[in-house]
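J.: What follows is run_4.txt; its format and atoms are compact mmCIF, C-alpha atoms.
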```txt
# COMPACT_ATOMS: atom_id res chain seq x y z
CA MET Y 1 -24.52 33.01 -7.82
CA SER Y 2 -21.57 31.83 -5.70
CA ASN Y 3 -19.99 28.41 -6.13
CA LEU Y 4 -20.95 26.20 -3.18
CA ASN Y 5 -17.59 24.44 -3.50
CA SER Y 6 -15.59 27.65 -3.26
CA TYR Y 7 -13.59 28.74 -0.25
CA LYS Y 8 -11.35 31.62 0.69
CA LYS Y 9 -7.63 31.33 1.33
CA VAL Y 10 -6.96 30.30 4.92
CA LYS Y 11 -4.21 32.20 6.71
CA ASN Y 12 -3.87 29.72 9.58
CA LEU Y 13 -5.50 26.33 10.00
CA LEU Y 14 -4.33 25.90 13.59
CA SER Y 15 -5.48 28.23 16.36
CA PRO Y 16 -3.57 28.97 19.59
CA GLY Y 17 -5.18 27.09 22.46
CA ALA Y 18 -5.09 30.18 24.65
CA THR Y 19 -7.86 31.70 22.53
CA ASN Y 20 -10.28 28.88 23.30
CA ILE Y 21 -12.07 28.12 26.56
CA LYS Y 22 -11.54 24.39 26.03
CA THR Y 23 -7.76 24.45 25.63
CA ALA Y 24 -6.94 27.60 27.60
CA LYS Y 25 -6.81 25.46 30.77
CA ASN Y 26 -3.98 23.34 29.39
CA ASP Y 27 -0.64 23.56 31.18
CA LEU Y 28 1.23 23.23 27.89
CA GLU Y 29 1.07 25.60 24.95
CA THR Y 30 -1.52 24.09 22.65
CA PHE Y 31 -2.69 24.46 19.07
CA ILE Y 32 -6.06 23.19 17.88
CA LEU Y 33 -7.74 22.72 14.51
CA TYR Y 34 -11.42 23.64 14.37
CA MET Y 35 -13.65 22.79 11.44
CA ALA Y 36 -17.39 22.35 10.95
CA PRO Y 37 -18.48 19.01 12.46
CA SER Y 38 -20.54 16.20 10.99
CA THR Y 39 -22.51 17.18 7.85
CA ILE Y 40 -22.83 20.93 8.44
CA VAL Y 41 -21.12 21.43 5.07
CA GLU Y 42 -23.33 19.77 2.48
CA GLY Y 43 -21.62 16.85 0.78
CA LEU Y 44 -18.94 16.48 3.47
CA ASN Y 45 -18.96 14.45 6.67
CA LEU Y 46 -16.20 15.33 9.12
CA CYS Y 47 -17.60 13.13 11.91
CA PRO Y 48 -18.59 9.84 10.22
CA PHE Y 49 -19.18 8.02 13.52
CA ALA Y 50 -21.26 10.71 15.22
CA SER Y 51 -24.52 9.51 16.76
CA GLU Y 52 -27.72 11.53 16.76
CA GLY Y 53 -27.23 12.31 20.45
CA CYS Y 54 -23.69 13.49 19.78
CA LYS Y 55 -24.81 15.77 16.95
CA LYS Y 56 -27.48 17.42 19.10
CA ALA Y 57 -25.13 17.87 22.07
CA CYS Y 58 -22.14 19.08 20.01
CA LEU Y 59 -20.34 22.09 21.46
CA TYR Y 60 -19.63 23.44 17.98
CA SER Y 61 -21.61 26.60 18.76
CA ALA Y 62 -20.35 26.99 22.33
CA GLY Y 63 -17.89 29.67 23.42
CA ARG Y 64 -16.48 31.62 20.48
CA GLY Y 65 -18.30 29.17 18.22
CA ARG Y 66 -21.55 31.01 18.85
CA PHE Y 67 -20.33 33.89 16.70
CA SER Y 68 -21.29 33.69 13.04
CA ASN Y 69 -17.85 34.81 11.81
CA VAL Y 70 -16.19 31.97 13.75
CA GLN Y 71 -18.66 29.42 12.35
CA LEU Y 72 -18.11 30.72 8.82
CA ALA Y 73 -14.34 30.43 9.28
CA ARG Y 74 -14.72 26.81 10.38
CA ILE Y 75 -17.00 26.07 7.43
CA ASN Y 76 -14.42 27.65 5.14
CA LYS Y 77 -11.67 25.40 6.53
CA SER Y 78 -13.91 22.38 6.02
CA LYS Y 79 -14.47 23.31 2.38
CA PHE Y 80 -10.71 23.74 1.96
CA TRP Y 81 -10.25 20.23 3.36
CA GLY Y 82 -13.02 18.79 1.21
CA TYR Y 83 -12.22 20.41 -2.11
CA ASN Y 84 -8.43 20.84 -2.15
CA ARG Y 85 -7.13 18.17 0.17
CA GLU Y 86 -3.53 18.11 -1.01
CA SER Y 87 -3.12 21.87 -0.51
CA PHE Y 88 -4.88 21.60 2.86
CA TYR Y 89 -2.38 19.06 4.17
CA ILE Y 90 0.64 20.82 2.69
CA GLN Y 91 -0.40 23.96 4.60
CA LEU Y 92 -1.17 22.00 7.78
CA GLY Y 93 2.16 20.22 7.52
CA ASN Y 94 4.02 23.51 7.13
CA GLU Y 95 2.25 24.98 10.17
CA LEU Y 96 3.19 21.94 12.24
CA LEU Y 97 6.80 22.17 11.06
CA LYS Y 98 6.98 25.79 12.21
CA ILE Y 99 5.44 24.93 15.58
CA HIS Y 100 7.86 22.04 16.01
CA ALA Y 101 10.85 24.25 15.14
CA LYS Y 102 9.72 26.69 17.83
CA ALA Y 103 9.32 23.89 20.37
CA LYS Y 104 12.73 22.45 19.56
CA LEU Y 105 14.44 25.86 19.71
CA ASN Y 106 12.98 26.49 23.16
CA ALA Y 107 13.51 22.87 24.28
CA HIS Y 108 9.91 22.39 25.30
CA LYS Y 109 6.82 20.43 24.28
CA ILE Y 110 3.77 21.78 22.48
CA ALA Y 111 0.42 19.97 22.46
CA ILE Y 112 -1.52 19.54 19.22
CA ARG Y 113 -5.20 18.68 18.89
CA LEU Y 114 -6.16 18.23 15.25
CA ASN Y 115 -9.81 17.36 15.85
CA GLY Y 116 -11.37 20.19 17.81
CA THR Y 117 -14.79 19.60 16.25
CA SER Y 118 -14.14 16.82 13.75
CA ASP Y 119 -13.12 13.15 13.72
CA ILE Y 120 -10.62 12.68 10.91
CA ASP Y 121 -7.37 10.70 10.74
CA HIS Y 122 -5.34 13.82 9.95
CA LEU Y 123 -1.97 12.30 10.80
CA ASP Y 124 -2.48 9.49 8.30
CA LEU Y 125 -3.57 11.97 5.63
CA LEU Y 126 -0.63 14.25 6.42
CA LYS Y 127 1.73 11.35 5.81
CA ARG Y 128 -0.08 10.45 2.60
CA TYR Y 129 -0.07 13.95 1.11
CA THR Y 130 3.22 15.34 2.44
CA GLY Y 131 5.32 12.26 3.17
CA ILE Y 132 5.92 13.49 6.72
CA ASN Y 133 5.37 11.13 9.64
CA PHE Y 134 4.74 13.48 12.53
CA LEU Y 135 4.71 10.52 14.92
CA GLY Y 136 8.35 9.78 14.17
CA ASP Y 137 11.09 10.45 16.71
CA SER Y 138 12.13 13.59 14.81
CA TYR Y 139 8.94 15.34 15.95
CA ASN Y 140 8.69 14.23 19.58
CA ASN Y 141 8.49 17.84 20.76
CA LEU Y 142 4.89 17.75 19.50
CA LEU Y 143 2.40 15.90 21.69
CA PHE Y 144 -0.70 14.85 19.74
CA TYR Y 145 -4.01 14.08 21.42
CA ASP Y 146 -7.67 13.83 20.42
CA TYR Y 147 -11.06 12.33 21.10
CA THR Y 148 -12.61 9.90 18.60
CA LYS Y 149 -15.65 7.70 18.09
CA ASN Y 150 -13.73 5.55 15.62
CA TYR Y 151 -12.64 2.43 17.51
CA ASN Y 152 -10.19 1.55 14.70
CA HIS Y 153 -8.25 4.75 15.44
CA ILE Y 154 -7.88 3.67 19.08
CA LYS Y 155 -6.32 0.37 18.00
CA LYS Y 156 -4.22 1.92 15.24
CA TYR Y 157 -2.49 4.50 17.42
CA GLN Y 158 -2.20 2.62 20.71
CA GLY Y 159 1.32 2.98 22.10
CA THR Y 160 2.27 5.92 19.85
CA ASN Y 161 2.79 9.64 20.42
CA TYR Y 162 -0.88 10.15 19.54
CA LYS Y 163 -3.00 9.76 22.67
CA ILE Y 164 -6.65 9.24 21.72
CA THR Y 165 -9.61 9.04 24.10
CA PHE Y 166 -12.61 7.09 22.86
CA SER Y 167 -15.87 9.04 23.15
CA ARG Y 168 -18.77 6.96 24.41
CA SER Y 169 -22.21 7.62 22.88
CA GLU Y 170 -25.66 6.04 23.06
CA VAL Y 171 -24.75 3.65 20.21
CA ASN Y 172 -21.12 2.62 20.83
CA GLU Y 173 -20.97 1.50 24.45
CA LEU Y 174 -19.67 -1.94 23.40
CA ASP Y 175 -16.62 -0.30 21.79
CA ALA Y 176 -16.21 1.84 24.89
CA TYR Y 177 -16.02 -1.33 27.02
CA ARG Y 178 -13.57 -2.87 24.56
CA THR Y 179 -11.37 0.23 24.80
CA LEU Y 180 -11.29 0.07 28.60
CA LYS Y 181 -10.58 -3.67 28.60
CA ASP Y 182 -7.66 -3.06 26.24
CA GLY Y 183 -6.18 -0.50 28.64
CA GLY Y 184 -7.41 2.60 26.87
CA ASN Y 185 -9.43 5.56 28.11
CA ILE Y 186 -12.96 6.64 27.30
CA ALA Y 187 -14.84 9.93 27.72
CA ILE Y 188 -18.41 10.05 29.03
CA VAL Y 189 -20.72 13.03 29.35
CA PHE Y 190 -22.59 12.92 32.67
CA LYS Y 191 -25.80 14.78 33.39
CA ASN Y 192 -25.11 15.46 37.06
CA ASP Y 193 -22.02 15.48 39.28
CA LEU Y 194 -19.26 13.14 38.19
CA PRO Y 195 -19.31 9.75 39.94
CA GLU Y 196 -16.16 8.31 41.49
CA THR Y 197 -16.41 5.23 39.27
CA TRP Y 198 -18.34 4.01 36.23
CA LYS Y 199 -18.84 0.25 35.79
CA GLY Y 200 -15.89 -0.29 38.12
CA TYR Y 201 -13.52 2.10 36.34
CA LYS Y 202 -12.15 5.24 37.96
CA VAL Y 203 -13.64 8.53 36.74
CA ILE Y 204 -11.38 11.58 36.44
CA ASN Y 205 -12.56 15.15 35.91
CA GLY Y 206 -12.04 15.94 32.23
CA ASP Y 207 -13.23 19.53 32.62
CA LEU Y 208 -10.15 20.57 34.62
CA THR Y 209 -8.03 20.49 31.47
CA ASP Y 210 -8.49 19.52 27.85
CA LEU Y 211 -4.98 18.04 27.68
CA ARG Y 212 -5.66 14.30 27.61
CA TYR Y 213 -2.05 13.39 26.78
CA PHE Y 214 -0.99 12.83 30.39
CA ASP Y 215 -4.10 11.08 31.70
CA PRO Y 216 -3.54 7.86 33.65
CA VAL Y 217 -4.42 4.76 31.65
CA ASN Y 218 -7.62 2.74 31.89
CA VAL Y 219 -9.85 5.52 33.22
CA VAL Y 220 -13.10 7.23 32.33
CA VAL Y 221 -12.74 10.92 31.50
CA GLY Y 222 -15.87 12.46 32.95
CA LEU Y 223 -17.31 15.56 31.30
CA LYS Y 224 -20.28 17.42 32.71
CA ALA Y 225 -23.17 18.07 30.32
CA LYS Y 226 -23.13 21.56 28.86
CA GLY Y 227 -25.39 23.50 26.53
CA GLU Y 228 -27.82 21.35 24.55
CA ALA Y 229 -26.43 18.21 26.20
CA LYS Y 230 -28.34 19.15 29.37
CA LYS Y 231 -31.56 18.43 27.45
CA ASP Y 232 -30.42 15.07 26.07
CA LEU Y 233 -32.97 12.24 26.00
CA SER Y 234 -31.04 9.85 23.74
CA ASN Y 235 -28.80 8.30 26.43
CA PHE Y 236 -25.79 10.09 24.94
CA VAL Y 237 -25.56 11.77 28.34
CA VAL Y 238 -25.34 9.35 31.27
CA ALA Y 239 -27.69 10.19 34.12
```
Written as structure tokens, that's how I'd like the structure from this file.

T.:
Amino acid sequence: MSNLNSYKKVKNLLSPGATNIKTAKNDLETFILYMAPSTIVEGLNLCPFASEGCKKACLYSAGRGRFSNVQLARINKSKFWGYNRESFYIQLGNELLKIHAKAKLNAHKIAIRLNGTSDIDHLDLLKRYTGINFLGDSYNNLLFYDYTKNYNHIKKYQGTNYKITFSRSEVNELDAYRTLKDGGNIAIVFKNDLPETWKGYKVINGDLTDLRYFDPVNVVVGLKAKGEAKKDLSNFVVA
């Protein structure tokens, strides 16, 4: 009988964005970390603020994620994170250092999304386990961006090199309003065509690119419902 807490050695935690439909549209070279969202791995919760509507509409199994080998690889990374956290962040830190060295050598920027299908404060944990502050000036060739449902992360990283878009759900609309009032951006999944505005705030098309780093401030990032989200009845998707 296999140990449920076991995992295989992971060659690379970060995947090139060009291999993914979500990040392939980005103008900048991008790397993304995909793991198993929410409570797919028993005993672990990688999306502690996920609502029921969010869980049902999750794009975890969209694109390449529909293949069992891809899902198993993401589950394996999640177990690595859950059961050997120090080693996980040492490896992630080393991968980021290599990517940064490449960016610096070529005098260009590379985008990093650490939460492809998770909602974890990886940069804080990287600093804790490796001592490296990837938001320091020494690493400004890396441009970090993400979505989150954790309002505290929005406040914590405001004004830094980590651009986070707050994801509105059927249970956190108050925090979404607070984010907009504070000058931040929020993402909303819409059932039909994207409106020009939402509650007086400009809506931009978030499906044109995944790269949220350069979005104008104080806007709604509109995303059109895909997959299971088209069947949503929870109000996670805005009609």

J.: Report as a PDB file with C-alpha atoms, in the frame of the given file all protein, DNA and RNA residues lying within 6 Å of region 109-126 of chain Y, evaluated on all atoms listed in the file, omitting residues in the same chain fewer than 6 positions from it.

T.:
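After the write, out_25.pdb holds the following:
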```pdb
ATOM      1  CA  GLU Y  29       1.070  25.600  24.950  1.00  0.00           C
ATOM      2  CA  THR Y  30      -1.520  24.090  22.650  1.00  0.00           C
ATOM      3  CA  PHE Y  31      -2.690  24.460  19.070  1.00  0.00           C
ATOM      4  CA  ILE Y  32      -6.060  23.190  17.880  1.00  0.00           C
ATOM      5  CA  LEU Y  33      -7.740  22.720  14.510  1.00  0.00           C
ATOM      6  CA  TYR Y  34     -11.420  23.640  14.370  1.00  0.00           C
ATOM      7  CA  MET Y  35     -13.650  22.790  11.440  1.00  0.00           C
ATOM      8  CA  PRO Y  37     -18.480  19.010  12.460  1.00  0.00           C
ATOM      9  CA  LEU Y  46     -16.200  15.330   9.120  1.00  0.00           C
ATOM     10  CA  CYS Y  47     -17.600  13.130  11.910  1.00  0.00           C
ATOM     11  CA  TYR Y  89      -2.380  19.060   4.170  1.00  0.00           C
ATOM     12  CA  ALA Y 103       9.320  23.890  20.370  1.00  0.00           C
ATOM     13  CA  ASN Y 141       8.490  17.840  20.760  1.00  0.00           C
ATOM     14  CA  LEU Y 142       4.890  17.750  19.500  1.00  0.00           C
ATOM     15  CA  LEU Y 143       2.400  15.900  21.690  1.00  0.00           C
ATOM     16  CA  PHE Y 144      -0.700  14.850  19.740  1.00  0.00           C
ATOM     17  CA  TYR Y 145      -4.010  14.080  21.420  1.00  0.00           C
ATOM     18  CA  ASP Y 146      -7.670  13.830  20.420  1.00  0.00           C
ATOM     19  CA  THR Y 148     -12.610   9.900  18.600  1.00  0.00           C
TER      20      THR Y 148
END
```

J.: Separation of CA of Lys199 (chain Y) and CA of Phe214 (chain Y), in Å?

T.: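 Here the two named atoms are 22.5 Å from each other.
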
J.: What's the 10 Å shell around Ala225 (chain Y), counting only C-alpha atoms, without same-chain residues fewer than 2 positions away, as a list in words?

T.: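 Close residues of Ala225 (chain Y): Ala57, Ile188, Val189, Phe190, Lys191, Asn192, Asp193, Gly222, Leu223, Gly227, Glu228, Ala229, Lys230, Lys231, Asp232, Phe236, Val237, Val238 and Ala239 of chain Y.
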
J.: Could you give me, as a Markdown table, every region 59-152 of chain Y residue with an atom at most 12 Å from region 171-174 of chain Y, plus its closest atom pair and distance in Å to one decimal, counting all atoms listed in the file, rows ordered by chain then number?

T.:
```
| residue | atom | partner | partner_atom | distance |
| --- | --- | --- | --- | --- |
| Y:Thr148 | CA | Y:Asn172 | CA | 11.4 |
| Y:Lys149 | CA | Y:Asn172 | CA | 8.0 |
| Y:Asn150 | CA | Y:Asn172 | CA | 9.5 |
| Y:Tyr151 | CA | Y:Asn172 | CA | 9.1 |
```

J.: Could you state the separation of CA of Ser51 (chain Y) and CA of Ser167 (chain Y) in Å, given to one decimal place?

T.: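 Computing the Euclidean distance for CA of Ser51 (chain Y) and CA of Ser167 (chain Y) yields 10.8 Å.
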